[in-house]
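Accompanying notes for the structure given below.
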Amino acid sequence: MTKKHDKLVDLVTPSRPTGPIAHRVKGMKDIQPGAYPAWEFLLQSAGRLARLRGFERIDTPVLESYSLYERSSGRTSDIVTKEMYSFLDKSGERLALRPEATPGIVRAYIEHGWFNLPQPVKTLWYGPLFRRDKPQLGRYRQHYQLNFDIFGEPGPLAEVELIFLIHELLNDWGIEAQIDINSLGCVDCRPNYINELVKYYKEKKHREQLCPDCRKRLIKNPLRLLDCKEPACEALAQGAPQLIDFLCEPCKQHLVKVLEFLDNLGIQYNLNSQLVRGLDYYNRTVFEVVMPSESAQRPLALGGGGRYDQLIESLGGRPTPACGFALGMERLLLYLDPHKVEVSQTRPDVFLAQLGDGPRLKSLQLFEELRQAGLTVHQAFTKNSLKSQLALANQLKVKYALIIGQKELLDGTILLRDMESGSQEVLDLKRVKSIMLKRLAKTK
RNA sequence: GUGGCCAUAGUUUAAUGGUAGAACAGCGGAUUGUGGCUCCGCUAGUCUGGGUUCAAUUCCCAGUGGCUACCCCA
């Protein structure tokens, strides 16, 4: 039997390495025991609050065709050009590990004809994303995002609803972050602005002062010139034409309406004319949730999003207005109030302790019985000393310990110990289940 | 991708060119069946590969990884 098994292993790993096991891949992260409560807290909270607002949970594949991202995110964006994990499938098709969520969601919207659902369609999406950039605080090559999207709503109410939801979520999580808002205009007015902007920076006296990064930006992504933190560039940006002055009338109205609604709802925001998003598909309203940082020049973004009215059409769907928002899980976890997580944790009900073989057998049965009755039961049947069992019970923060030894087994009884007060009483073994159910119902 | 800092038990760290010390955690024990406090014991470590040297965990180089500031982004 072992022979066969060895052969199998050899087939899988022809040249078995002899050294230490391979290490974790750069930029990847394990979620270790004890870390999950915080993740679950975020997910459950997001799920609950989003559902109340009519968002429905969806998922899309991790693997998509490379061209999806090439077409949607912009051929010049860093995400597509430098950071995507892509490879050639055996079929010859180039595939990619999704670097962002929106294109896949939009693809699904088009492919399954979600425009036939009652509009607007509101979706909640959660999953891992892959970008091969240099790891840093709150940045991993595999990271998790929560995405909220609204399809089919052209009016300012769509982004207002998203921002309101974000506001509620941050509140629920005890995260005091700032919401930045800006408008990027639309296909009609933005080109005019960019022209003006480029013209301004191309003037010789201005161009000569630009930092090397900004010279690249001038060609690649002129909007980014505005938020460079180099002193010289910053000074130049002061005198540069402002996007807001170039917005066409509909865009201006749209922005004003968004801000008006937010004011009415009492949501704090920061109108930030420098805010520019890195992806090509955004138009009109863009927003970011940022956390000011003492060490970095730039605040850490916990999330970002905006309107993308042309994306669906450009991916082959019928023209559909849409907007969306993404929150980075790892970054949220950096600031999540641990107290909120702790409070959300429910303590286990019972720890079953046993002494000796007979009692151990009995407690195995009892364990099943209590578990089926819906109680959270812990045990350590492999441990022998009562001391170590109770120590474990203590660490698990259980409410009650049930102790059964030889004596109890003979008497048909069991000891109930209240782990908080330390008081103990003898119970009839036959009635444990009903007594425990009653007690735990009372404390709830 | 560019720059800076760093690399010792699971974690936080100490020390030395000559057999690595602690704290926390883990496990066990302090008269036989009682947790949280205390005390004691045990387990466990110099990232990898080269070089210098009688001798390297220590010095040098490279790699890898981490942190961090940029770029970019969640």
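Residues are named by chain letter and number: chains run A, B, ... in the order of the structure tokens, numbers start at 1 in each chain, and ligands are numbered from 1 in the order shown.
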Open item on the list: From a backbone DSSP assignment, name each residue in segment 70-191 of chain A labelled strand (DSSP E or B), as number ranges by chain.
Closed with: A: 85-88, 94-97, 121-130, 136, 139, 142-151, 178-183
Contacts from chain A to chain B, 7 Å maximum, only C-alpha atoms (C1' of nucleotides): show me the residue list as an mmCIF file with C-alpha atoms, in the first residue's frame.
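As written to disk, out.cif reads:
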data_model
loop_
_atom_site.group_PDB
_atom_site.id
_atom_site.type_symbol
_atom_site.label_atom_id
_atom_site.label_comp_id
_atom_site.auth_asym_id
_atom_site.auth_seq_id
_atom_site.Cartn_x
_atom_site.Cartn_y
_atom_site.Cartn_z
ATOM 1 C CA ASP A 78 -0.515 50.241 -14.255
ATOM 2 C CA GLN A 145 -12.334 43.494 -1.545
ATOM 3 C CA ALA A 301 -7.195 54.713 0.826
ATOM 4 C CA LEU A 302 -9.518 52.215 2.445
ATOM 5 C CA GLY A 303 -11.749 52.197 -0.546
ATOM 6 C CA ALA A 326 -14.786 48.893 -3.396
ATOM 7 C CA LEU A 327 -13.436 48.542 0.117
ATOM 8 C CA GLY A 328 -10.130 46.825 0.849
ATOM 9 C CA LEU A 386 -9.191 17.874 35.044
ATOM 10 C CA LYS A 387 -6.922 20.790 35.677
ATOM 11 C CA LEU A 390 -10.693 23.416 33.010
ATOM 12 C CA ALA A 391 -7.792 25.640 32.013
ATOM 13 C CA ASN A 394 -11.340 29.012 30.827
#
- [ ] Using DSSP on the backbone coordinates, identify all residues within segment 148-293 of chain A classified as helix (DSSP H, G or I); present the result as a PyMOL selection string.
- [x] chain A and resi 157-173+190-202+204-207+212-220+222-227+231-239+243-245+249-265
Contacts of G49 of chain B within 12 Å, only C-alpha atoms (C1' of nucleotides), excl. fewer than 4 positions in-chain, as a compact mmCIF listing (two decimals) with N, CA and C atoms (P, O5', C5', C4', C3', O3' and C1' of nucleotides), in the first residue's frame:
# COMPACT_ATOMS: atom_id res chain seq x y z
P C B 61 29.07 44.40 1.99
O5' C B 61 28.94 43.30 0.84
C5' C B 61 29.75 43.38 -0.32
C4' C B 61 29.49 42.20 -1.22
C3' C B 61 28.04 41.93 -1.58
O3' C B 61 27.59 42.77 -2.62
C1' C B 61 29.06 39.90 -0.95
P A B 62 26.04 43.13 -2.66
O5' A B 62 25.39 41.75 -3.16
C5' A B 62 25.61 41.30 -4.49
C4' A B 62 25.10 39.90 -4.67
C3' A B 62 23.60 39.71 -4.43
O3' A B 62 22.82 40.08 -5.53
C1' A B 62 24.79 38.02 -3.29
P G B 63 21.32 40.61 -5.27
O5' G B 63 20.55 39.27 -4.90
C5' G B 63 20.44 38.22 -5.84
C4' G B 63 19.92 36.98 -5.18
C3' G B 63 18.53 37.12 -4.56
O3' G B 63 17.51 36.97 -5.52
C1' G B 63 19.97 36.07 -3.01
P U B 64 16.17 37.83 -5.36
O5' U B 64 15.47 37.16 -4.10
C5' U B 64 15.02 35.81 -4.16
C4' U B 64 14.60 35.35 -2.79
C3' U B 64 13.59 36.24 -2.08
O3' U B 64 12.27 36.01 -2.52
C1' U B 64 15.32 35.70 -0.58
Open item on the list: Give me the residues near Phe148 of chain A as a ChimeraX atom specification, where near means some atom within 7 Å (using only C-alpha atoms (C1' of nucleotides)) and where sequence neighbours in that chain fewer than 4 positions away do not count.
Closed with: /A:123-125,324-326
Just-selected residues, N, CA and C atoms written as a PDB file, in the first residue's frame:
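Okay, selection_29.pdb is ready:
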ATOM      1  N   THR A 123     -25.660  45.134  -6.431  1.00  0.00           N
ATOM      2  CA  THR A 123     -24.938  43.904  -6.101  1.00  0.00           C
ATOM      3  C   THR A 123     -23.895  44.115  -5.016  1.00  0.00           C
ATOM      4  N   LEU A 124     -23.725  43.069  -4.247  1.00  0.00           N
ATOM      5  CA  LEU A 124     -22.659  43.005  -3.243  1.00  0.00           C
ATOM      6  C   LEU A 124     -21.746  41.866  -3.653  1.00  0.00           C
ATOM      7  N   TRP A 125     -20.482  42.142  -3.705  1.00  0.00           N
ATOM      8  CA  TRP A 125     -19.488  41.179  -4.186  1.00  0.00           C
ATOM      9  C   TRP A 125     -18.334  41.134  -3.200  1.00  0.00           C
ATOM     10  N   GLY A 324     -20.061  52.212  -8.745  1.00  0.00           N
ATOM     11  CA  GLY A 324     -19.678  51.175  -7.799  1.00  0.00           C
ATOM     12  C   GLY A 324     -18.627  51.658  -6.833  1.00  0.00           C
ATOM     13  N   PHE A 325     -18.400  50.796  -5.862  1.00  0.00           N
ATOM     14  CA  PHE A 325     -17.464  51.161  -4.824  1.00  0.00           C
ATOM     15  C   PHE A 325     -16.807  49.923  -4.242  1.00  0.00           C
ATOM     16  N   ALA A 326     -15.515  50.033  -3.950  1.00  0.00           N
ATOM     17  CA  ALA A 326     -14.786  48.893  -3.396  1.00  0.00           C
ATOM     18  C   ALA A 326     -14.115  49.266  -2.088  1.00  0.00           C
TER      19      ALA A 326
END
